[in-house]
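*Asks:* For reference, this is final.txt, and it has compact mmCIF, C-alpha atoms.
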```
# COMPACT_ATOMS: atom_id res chain seq x y z
CA MET A 237 117.19 65.87 151.21
CA LYS A 238 113.42 65.62 150.80
CA CYS A 239 113.19 66.36 154.51
CA PHE A 240 115.18 69.52 153.80
CA PHE A 241 112.61 70.81 151.33
CA ILE A 242 109.55 69.90 153.40
CA VAL A 243 111.09 71.49 156.48
CA PHE A 244 111.73 74.65 154.45
CA ALA A 245 108.08 74.88 153.45
CA ILE A 246 107.07 74.95 157.10
CA ALA A 247 110.03 76.82 158.58
CA SER A 248 109.96 79.70 156.13
CA PHE A 249 106.39 80.45 157.20
CA LEU A 250 106.57 79.51 160.87
CA GLY A 251 109.79 79.54 161.57
CA CYS A 252 131.00 102.87 149.34
CA SER A 253 130.56 105.56 146.66
CA GLN A 254 127.49 106.26 144.56
CA ILE A 255 127.38 104.91 141.01
CA LYS A 256 126.84 108.07 138.98
CA SER A 257 127.88 107.00 135.48
CA THR A 258 125.54 104.03 135.09
CA ASN A 259 122.17 104.70 133.47
CA LEU A 260 119.54 102.54 135.18
CA ASP A 261 116.60 103.68 133.06
CA ASN A 262 114.59 100.70 131.76
CA THR A 263 116.70 98.33 133.84
CA VAL A 264 115.11 94.96 134.53
CA ALA A 265 116.04 92.17 136.92
CA GLY A 266 117.97 89.48 135.13
CA PHE A 267 118.07 86.00 136.66
CA LYS A 268 120.35 83.02 136.17
CA VAL A 269 121.49 79.96 138.08
CA ILE A 270 125.17 79.15 138.29
CA ARG A 271 125.85 75.51 139.07
CA THR A 272 129.40 74.82 140.13
CA VAL A 273 131.37 72.88 142.74
CA ASP A 274 133.72 73.68 145.61
CA SER A 275 136.47 71.10 145.19
CA SER A 276 138.09 72.13 148.48
CA ARG A 277 135.27 70.45 150.47
CA ILE A 278 134.09 66.84 150.51
CA TYR A 279 130.29 66.62 150.27
CA LYS A 280 129.47 62.90 150.12
CA PRO A 281 131.64 60.94 152.56
CA ASN A 282 133.57 58.01 151.09
CA ALA A 283 132.41 58.83 147.56
CA ALA A 284 134.61 57.71 144.69
CA GLU A 285 136.71 60.32 142.90
CA LYS A 286 134.43 60.13 139.83
CA ASP A 287 131.22 60.48 141.84
CA TYR A 288 129.79 63.91 140.98
CA LEU A 289 128.74 64.36 144.64
CA ARG A 290 132.22 63.78 146.03
CA TYR A 291 132.86 67.52 146.27
CA ARG A 292 130.53 70.20 147.58
CA PRO A 293 127.87 71.17 144.96
CA LEU A 294 127.18 74.89 144.81
CA ASP A 295 124.12 76.49 143.22
CA ILE A 296 124.20 80.28 143.05
CA ASP A 297 120.91 82.06 142.30
CA LEU A 298 121.91 85.37 140.72
CA TRP A 299 119.79 88.50 140.16
CA TYR A 300 121.45 91.41 138.32
CA PRO A 301 120.76 94.68 136.43
CA ALA A 302 119.82 93.67 132.91
CA ILE A 303 118.57 94.89 129.54
CA LYS A 304 115.13 93.80 128.41
CA SER A 305 114.66 92.43 124.90
CA ASP A 306 111.83 90.85 122.91
CA THR A 307 113.50 87.44 123.13
CA ASN A 308 113.56 87.39 126.94
CA SER A 309 111.29 85.05 128.87
CA ILE A 310 109.70 85.87 132.22
CA VAL A 311 110.42 83.50 135.08
CA LEU A 312 107.27 81.91 136.50
CA MET A 313 106.84 80.73 140.06
CA ARG A 314 106.79 77.15 138.77
CA ASP A 315 110.31 77.72 137.45
CA LEU A 316 111.54 78.80 140.88
CA PHE A 317 109.70 76.03 142.71
CA GLY A 318 111.10 73.67 140.08
CA LEU A 319 114.51 74.30 141.61
CA PHE A 320 113.19 72.35 144.62
CA GLU A 321 112.78 69.22 142.57
CA ASN A 322 115.96 69.68 140.58
CA ARG A 323 118.16 70.21 143.62
CA ALA A 324 116.54 67.54 145.75
CA ASN A 325 117.28 65.05 142.99
CA TYR A 326 120.75 66.38 142.24
CA TYR A 327 122.02 66.64 145.81
CA THR A 328 120.92 63.09 146.66
CA ALA A 329 121.31 61.35 143.28
CA SER A 330 117.71 60.18 143.58
CA ASN A 331 114.12 61.12 142.71
CA ALA A 332 113.49 62.59 146.16
CA GLY A 333 112.20 65.86 144.69
CA LYS A 334 109.54 64.40 142.41
CA GLY A 335 106.28 66.35 142.78
CA LEU A 336 107.63 68.84 145.30
CA SER A 337 106.58 71.91 143.29
CA GLN A 338 102.93 70.92 143.59
CA GLN A 339 103.30 69.98 147.26
CA ILE A 340 104.93 73.25 148.25
CA ALA A 341 102.47 75.41 146.31
CA LYS A 342 99.55 73.53 147.89
CA TYR A 343 101.03 73.91 151.35
CA PHE A 344 101.27 77.69 150.98
CA CYS A 345 97.69 77.94 149.70
CA ASP A 346 96.30 75.76 152.49
CA TYR A 347 98.25 77.62 155.15
CA LEU A 348 97.10 81.05 154.02
CA LYS A 349 93.63 79.91 152.90
CA CYS A 350 94.10 81.82 149.69
CA SER A 351 94.63 81.16 145.98
CA ASP A 352 95.18 77.69 144.49
CA THR A 353 98.11 75.63 143.28
CA THR A 354 97.68 76.51 139.58
CA LYS A 355 97.56 80.25 140.21
CA VAL A 356 100.64 80.16 142.41
CA LEU A 357 102.67 78.06 139.96
CA ASN A 358 101.69 80.34 137.05
CA TYR A 359 102.47 83.54 138.97
CA LYS A 360 104.66 85.83 136.84
CA THR A 361 107.71 87.21 138.58
CA GLU A 362 109.58 90.29 137.36
CA SER A 363 112.75 88.23 136.86
CA ILE A 364 113.94 87.83 133.27
CA ASP A 365 115.60 84.53 132.49
CA ASN A 366 119.25 84.89 131.38
CA ALA A 367 118.75 88.50 130.30
CA LYS A 368 121.74 90.42 128.91
CA PRO A 369 123.59 92.14 131.80
CA LYS A 370 123.68 95.91 131.94
CA SER A 371 127.14 97.39 131.45
CA GLY A 372 128.80 99.00 134.45
CA LYS A 373 130.12 98.09 137.89
CA PHE A 374 127.53 97.21 140.52
CA PRO A 375 127.69 96.54 144.29
CA LEU A 376 127.22 92.93 145.35
CA ILE A 377 124.71 91.64 147.89
CA ILE A 378 125.32 88.20 149.36
CA TYR A 379 122.00 86.85 150.67
CA LEU A 380 121.88 83.87 153.05
CA ALA A 381 118.58 82.00 153.12
CA SER A 382 116.56 80.96 156.16
CA TYR A 383 116.73 77.57 157.89
CA ASN A 384 116.52 74.95 155.11
CA GLY A 385 115.40 77.79 152.83
CA MET A 386 116.02 78.19 149.13
CA GLY A 387 117.75 81.14 147.48
CA TYR A 388 114.59 82.57 145.91
CA GLU A 389 112.53 82.91 149.12
CA ASN A 390 113.01 86.69 148.85
CA PHE A 391 113.10 87.11 145.08
CA LYS A 392 110.84 90.19 145.15
CA LEU A 393 113.45 92.01 147.22
CA PHE A 394 116.18 90.82 144.86
CA GLU A 395 114.26 92.09 141.82
CA GLU A 396 113.97 95.56 143.33
CA LEU A 397 117.65 95.56 144.25
CA ALA A 398 118.66 94.49 140.73
CA LYS A 399 116.57 97.27 139.16
CA LYS A 400 118.28 99.78 141.48
CA GLY A 401 121.75 98.68 140.44
CA PHE A 402 122.76 95.79 142.71
CA VAL A 403 123.87 92.26 141.90
CA VAL A 404 122.37 89.73 144.33
CA ALA A 405 123.91 86.30 144.86
CA SER A 406 121.51 84.19 146.91
CA ILE A 407 122.82 81.24 148.92
CA SER A 408 120.46 78.42 149.88
CA SER A 409 120.53 76.84 153.33
CA ILE A 410 122.00 73.41 152.64
CA GLY A 411 123.87 71.43 155.27
CA ARG A 412 126.16 68.44 155.10
CA TYR A 413 125.29 65.43 152.94
CA PRO A 414 122.50 64.69 152.09
CA GLY A 415 121.71 68.39 152.38
CA ASP A 416 119.49 68.81 155.44
CA MET A 417 120.35 71.92 157.44
CA THR A 418 120.49 71.44 161.21
CA MET A 419 121.32 73.81 164.05
CA LYS A 420 124.70 72.14 164.51
CA LYS A 421 127.74 74.34 164.02
CA GLU A 422 129.06 72.05 161.26
CA ASP A 423 125.95 72.63 159.12
CA LEU A 424 125.92 76.36 159.79
CA MET A 425 129.48 76.53 158.52
CA GLU A 426 128.49 74.80 155.29
CA GLN A 427 126.27 77.77 154.41
CA VAL A 428 128.98 80.20 155.55
CA ASN A 429 131.56 78.48 153.35
CA ASP A 430 129.09 78.36 150.45
CA ALA A 431 128.91 82.17 150.66
CA LEU A 432 132.69 82.56 150.77
CA SER A 433 133.11 80.10 147.90
CA THR A 434 130.49 82.02 145.90
CA LEU A 435 132.60 85.17 146.13
CA LYS A 436 135.52 83.32 144.58
CA LYS A 437 133.35 81.89 141.81
CA LEU A 438 131.94 85.33 140.93
CA LYS A 439 135.37 86.93 140.42
CA GLN A 440 135.03 86.24 136.69
CA TYR A 441 132.10 88.69 136.40
CA SER A 442 133.37 92.11 135.32
CA THR A 443 130.09 93.86 136.22
CA ILE A 444 130.53 93.29 139.98
CA ASP A 445 132.31 95.82 142.17
CA PHE A 446 133.97 93.64 144.80
CA THR A 447 134.95 96.67 146.87
CA LYS A 448 131.27 97.15 147.74
CA ILE A 449 129.75 94.06 149.33
CA GLY A 450 126.66 93.95 151.55
CA LEU A 451 125.34 90.95 153.48
CA VAL A 452 121.68 90.12 154.08
CA GLY A 453 120.40 87.11 156.03
CA TYR A 454 116.90 85.95 156.92
CA SER A 455 116.25 83.96 160.13
CA TRP A 456 118.96 81.27 160.38
CA GLY A 457 120.65 83.03 157.49
CA GLY A 458 121.05 86.10 159.72
CA LEU A 459 123.33 84.07 161.98
CA SER A 460 125.24 82.76 158.95
CA ALA A 461 125.58 86.29 157.58
CA SER A 462 127.08 87.52 160.86
CA VAL A 463 129.74 84.78 160.72
CA VAL A 464 130.49 85.68 157.08
CA ALA A 465 130.78 89.38 158.00
CA ALA A 466 133.40 88.59 160.62
CA ARG A 467 135.44 86.63 158.05
CA LEU A 468 135.06 88.98 155.09
CA PRO A 469 137.16 92.16 155.27
CA ALA A 470 135.47 93.50 152.11
CA ALA A 471 132.00 93.49 153.72
CA ALA A 472 130.62 97.04 154.02
CA CYS A 473 127.35 96.44 155.89
CA ILE A 474 124.97 93.75 157.11
CA VAL A 475 121.17 93.43 157.30
CA SER A 476 119.52 90.82 159.52
CA LEU A 477 115.90 89.99 158.71
CA ASP A 478 114.64 88.65 162.04
CA GLY A 479 117.90 86.74 162.29
CA SER A 480 118.75 83.87 164.64
CA GLU A 481 121.91 85.53 165.95
CA PHE A 482 119.64 86.87 168.72
CA HIS A 483 118.86 83.38 170.03
CA HIS A 484 115.73 82.92 172.16
CA TYR A 485 116.41 80.47 174.97
CA GLY A 486 113.29 78.46 175.76
CA LYS A 487 111.93 74.94 176.14
CA GLU A 488 113.82 73.44 173.18
CA GLN A 489 116.88 72.31 175.12
CA GLU A 490 118.55 70.69 172.11
CA GLU A 491 118.34 73.98 170.18
CA ASN A 492 119.74 75.85 173.17
CA LYS A 493 122.62 73.37 173.37
CA ASP A 494 123.35 73.71 169.65
CA PHE A 495 123.38 77.49 169.84
CA ASP A 496 125.69 77.42 172.86
CA GLU A 497 128.09 75.24 170.89
CA ILE A 498 128.17 77.98 168.24
CA ARG A 499 128.19 80.84 170.74
CA PHE A 500 131.12 79.52 172.76
CA SER A 501 133.20 78.37 169.79
CA PRO A 502 136.49 80.24 169.27
CA GLU A 503 135.23 81.78 166.01
CA PHE A 504 132.11 83.24 167.64
CA LYS A 505 133.69 84.23 170.96
CA ASN A 506 136.29 86.33 169.14
CA MET A 507 133.81 87.80 166.67
CA ARG A 508 133.78 91.57 166.10
CA ILE A 509 131.32 93.09 163.62
CA SER A 510 132.95 96.35 162.60
CA VAL A 511 130.56 97.39 159.81
CA PRO A 512 127.11 99.08 160.04
CA TYR A 513 124.42 96.63 161.14
CA LEU A 514 120.64 96.80 160.68
CA ARG A 515 118.28 94.33 162.33
CA LEU A 516 114.60 94.28 161.35
CA GLU A 517 112.67 92.33 163.95
CA SER A 518 109.20 90.79 164.14
CA SER A 519 106.80 92.12 166.75
CA PRO A 520 103.60 90.03 166.61
CA LEU A 521 100.42 91.32 168.19
CA ILE A 522 100.07 88.09 170.13
CA ASN A 523 103.26 86.22 171.02
CA THR A 524 102.43 82.62 171.89
CA VAL A 525 106.08 81.52 172.14
CA LYS A 526 107.50 81.73 175.64
CA TYR A 527 111.22 82.06 176.23
CA ASP A 528 113.52 82.55 179.20
CA SER A 529 116.07 84.96 177.77
CA VAL A 530 117.52 86.31 174.53
CA TYR A 531 121.21 86.26 173.67
CA ASN A 532 122.28 89.87 173.09
CA PHE A 533 124.21 89.71 169.83
CA ALA A 534 124.56 93.51 169.90
CA GLU A 535 127.60 93.07 172.13
CA LYS A 536 129.46 91.77 169.05
CA ILE A 537 128.81 94.94 167.02
CA PHE A 538 131.47 97.65 167.20
CA SER A 539 130.00 99.99 164.60
CA GLU A 540 126.76 101.82 163.90
CA LYS A 541 123.80 99.58 164.70
CA GLU A 542 120.05 99.92 164.39
CA ILE A 543 117.43 97.48 165.67
CA ILE A 544 113.93 98.20 164.41
CA LYS A 545 110.79 96.29 165.37
CA ILE A 546 108.18 96.01 162.61
CA ASP A 547 104.88 96.52 164.40
CA SER A 548 102.57 93.45 164.28
CA ALA A 549 104.87 91.64 161.80
CA GLN A 550 105.22 87.86 162.00
CA HIS A 551 108.44 85.98 161.25
CA GLU A 552 107.08 84.80 157.88
CA ASP A 553 106.54 88.42 156.78
CA PHE A 554 110.29 88.73 156.20
CA GLY A 555 110.11 86.47 153.13
CA CYS A 556 108.11 87.21 149.97
CA LEU A 557 106.30 83.89 149.43
CA LYS A 558 103.35 84.92 151.59
CA SER A 559 102.89 87.98 149.37
CA VAL A 560 103.11 85.87 146.21
CA VAL A 561 100.28 83.58 147.33
CA ASN A 562 98.08 86.50 148.37
CA GLU A 563 98.70 88.37 145.13
CA SER A 564 98.03 85.30 142.99
CA GLY A 565 94.70 84.74 144.75
CA LYS A 566 93.85 88.46 144.97
CA CYS A 567 93.59 88.18 148.75
CA LYS A 568 94.22 90.98 151.20
CA ASN A 569 97.93 91.62 151.42
CA ASN A 570 99.55 93.30 154.41
CA ILE A 571 102.10 96.08 154.16
CA HIS A 572 104.81 94.48 156.26
CA TYR A 573 106.86 93.04 153.41
CA LYS A 574 106.88 96.35 151.54
CA THR A 575 108.03 98.13 154.70
CA ILE A 576 110.76 95.55 155.31
CA SER A 577 111.95 95.78 151.69
CA LYS A 578 112.05 99.60 151.69
CA LEU A 579 114.06 99.73 154.91
CA THR A 580 116.48 97.08 153.65
CA ILE A 581 117.02 98.77 150.29
CA SER A 582 117.43 102.19 151.89
CA PHE A 583 120.10 100.86 154.26
CA LEU A 584 122.01 99.13 151.45
CA GLU A 585 121.84 102.21 149.23
CA LYS A 586 123.22 104.34 152.08
CA TYR A 587 126.28 102.21 152.74
CA LEU A 588 126.96 100.88 149.23
CA MET A 589 125.88 103.83 147.07
CA ASP A 590 126.22 106.82 149.43
CA LYS A 591 122.52 107.59 149.08
CA GLU A 592 120.92 109.13 152.15
```
Could I get this structure in the form of structure tokens?

*Replies:*
Amino acid sequence: MKCFFIVFAIASFLGCSQIKSTNLDNTVAGFKVIRTVDSSRIYKPNAAEKDYLRYRPLDIDLWYPAIKSDTNSIVLMRDLFGLFENRANYYTASNAGKGLSQQIAKYFCDYLKCSDTTKVLNYKTESIDNAKPKSGKFPLIIYLASYNGMGYENFKLFEELAKKGFVVASISSIGRYPGDMTMKKEDLMEQVNDALSTLKKLKQYSTIDFTKIGLVGYSWGGLSASVVAARLPAAACIVSLDGSEFHHYGKEQEENKDFDEIRFSPEFKNMRISVPYLRLESSPLINTVKYDSVYNFAEKIFSEKEIIKIDSAQHEDFGCLKSVVNESGKCKNNIHYKTISKLTISFLEKYLMDKE
């Protein structure tokens, strides 16, 4: 599991009708973590019935429209990074996550040559811990994280969505026991099933409008989101943030083989995406990665589709952690993440709120 978190640190950088009756004035982004279990899936093979890891653990990071009060506390970056340590320990029943918050923060600072560990860990988000939910019915966004990524890798986008009247349930990229995601179909399906299980777990929340569901996936999560969309009749639209469903065939033969196993599986071969699809794609100034061909996922889409290249954007620009480090160190910040967020929100508002 520790491998899972270290890989994430590197991979995430390198690698309906309008709601008219709900007043969103002074709305803030509430945040909470729901820890539950999917008892329909075995997580730890051969575990005893009383072993808490016998069945699939499920952590749902939830952002939602909320009411601000004087008793609320602001979530710091150290709180979000702290989920690294907590989950690494929990999912492996060990101390594998000890010190990971410091390690990850330092990695980001060293990579970007900006800020320092203390500034990053003390960065104030706009998420309010366990804030009182706003009354009303709100569309639901299911977000699927990048390869070995955690649910908060795009929390800035989630905060903006919550303030605009969306509930966001973010699903981390966690594979089979002990949690490392791989490019094998079996691990991909763990994230897919986590998303589907999350929908069932959220049925108890009266503030969610389950007739209006959007899917968003980043990188590997884009591929997961496409599989979820094909299995979820209630899905209304899908956004892929530089998603892996457009696989680049190159030198990594093992990756090519793994993708082909997914691509030629019965589930994927028979896939039809019949809801509006938006793909935002990186377009670096200098592309040092050579590839032979790209799988054309567009052939699976039988509805409105848009594919937009973000000029000079790198893959890591589709997550918010780069922006967090730059803001904390008062370094020059590029505009790519803001552009990506605005396009994503606009698309979701169009198809889930009837806003042009």

*Asks:* Which distance in Å separates CA of Tyr288 (chain A) and CA of Phe391 (chain A), to one decimal?

*Replies:* 28.9 Å

*Asks:* What does the structure give for the distance between CA of Glu395 (chain A) and CA of Leu376 (chain A), in Å to one decimal?

*Replies:*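 These two atoms are separated by 13.5 Å.
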
*Asks:* Kindly provide the residues of region 346-457 of chain A that approach region 335-340 of chain A to within 9 Å, each paired with its closest atom pair and their distance in Å to one decimal, based on all atoms listed in the file, listed by chain and increasing number, as a Markdown table.

*Replies:*
```
| residue | atom | partner | partner_atom | distance |
| --- | --- | --- | --- | --- |
| A:Thr353 | CA | A:Gln338 | CA | 6.7 |
| A:Thr354 | CA | A:Gln338 | CA | 8.7 |
| A:Leu357 | CA | A:Ser337 | CA | 8.0 |
```

*Asks:* Please write the residues from the selection above to a file, keeping C-alpha atoms, as a PDB file, keeping the file's coordinate frame.

*Replies:*
```
ATOM      1  CA  THR A 353      98.110  75.630 143.280  1.00  0.00           C
ATOM      2  CA  THR A 354      97.680  76.510 139.580  1.00  0.00           C
ATOM      3  CA  LEU A 357     102.670  78.060 139.960  1.00  0.00           C
TER       4      LEU A 357
END
```

*Asks:* Nearest residue to Leu584 (chain A) out of A:Gln550, A:Ser476, A:Ser519, A:Asn506, using only C-alpha atoms?

*Replies:*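 Residue with the minimum atom-to-atom distance to Leu584 (chain A): A:Ser476.
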
*Asks:* Of the candidates A:Ala472, A:Leu319, A:Ile498, A:Ile407, which shows the shortest atom-to-atom distance to Thr434 (chain A), using all atoms listed in the file?

*Replies:*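 The closest residue to Thr434 (chain A) is A:Ile407.
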
*Asks:* May I have the residues at most 9 Å from (124.6, 73.9, 168.1) in the file's coordinates, counting all atoms listed in the file, as a ChimeraX atom specification?

*Replies:* /A:418-422,424,490-499

*Asks:* Go ahead and save the picked residues with C-alpha atoms, as a CSV table (one decimal), in the frame of the given file.

*Replies:*
```csv
chain,number,residue,atom,x,y,z
A,418,THR,CA,120.5,71.4,161.2
A,419,MET,CA,121.3,73.8,164.0
A,420,LYS,CA,124.7,72.1,164.5
A,421,LYS,CA,127.7,74.3,164.0
A,422,GLU,CA,129.1,72.0,161.3
A,424,LEU,CA,125.9,76.4,159.8
A,490,GLU,CA,118.6,70.7,172.1
A,491,GLU,CA,118.3,74.0,170.2
A,492,ASN,CA,119.7,75.8,173.2
A,493,LYS,CA,122.6,73.4,173.4
A,494,ASP,CA,123.4,73.7,169.6
A,495,PHE,CA,123.4,77.5,169.8
A,496,ASP,CA,125.7,77.4,172.9
A,497,GLU,CA,128.1,75.2,170.9
A,498,ILE,CA,128.2,78.0,168.2
A,499,ARG,CA,128.2,80.8,170.7
```
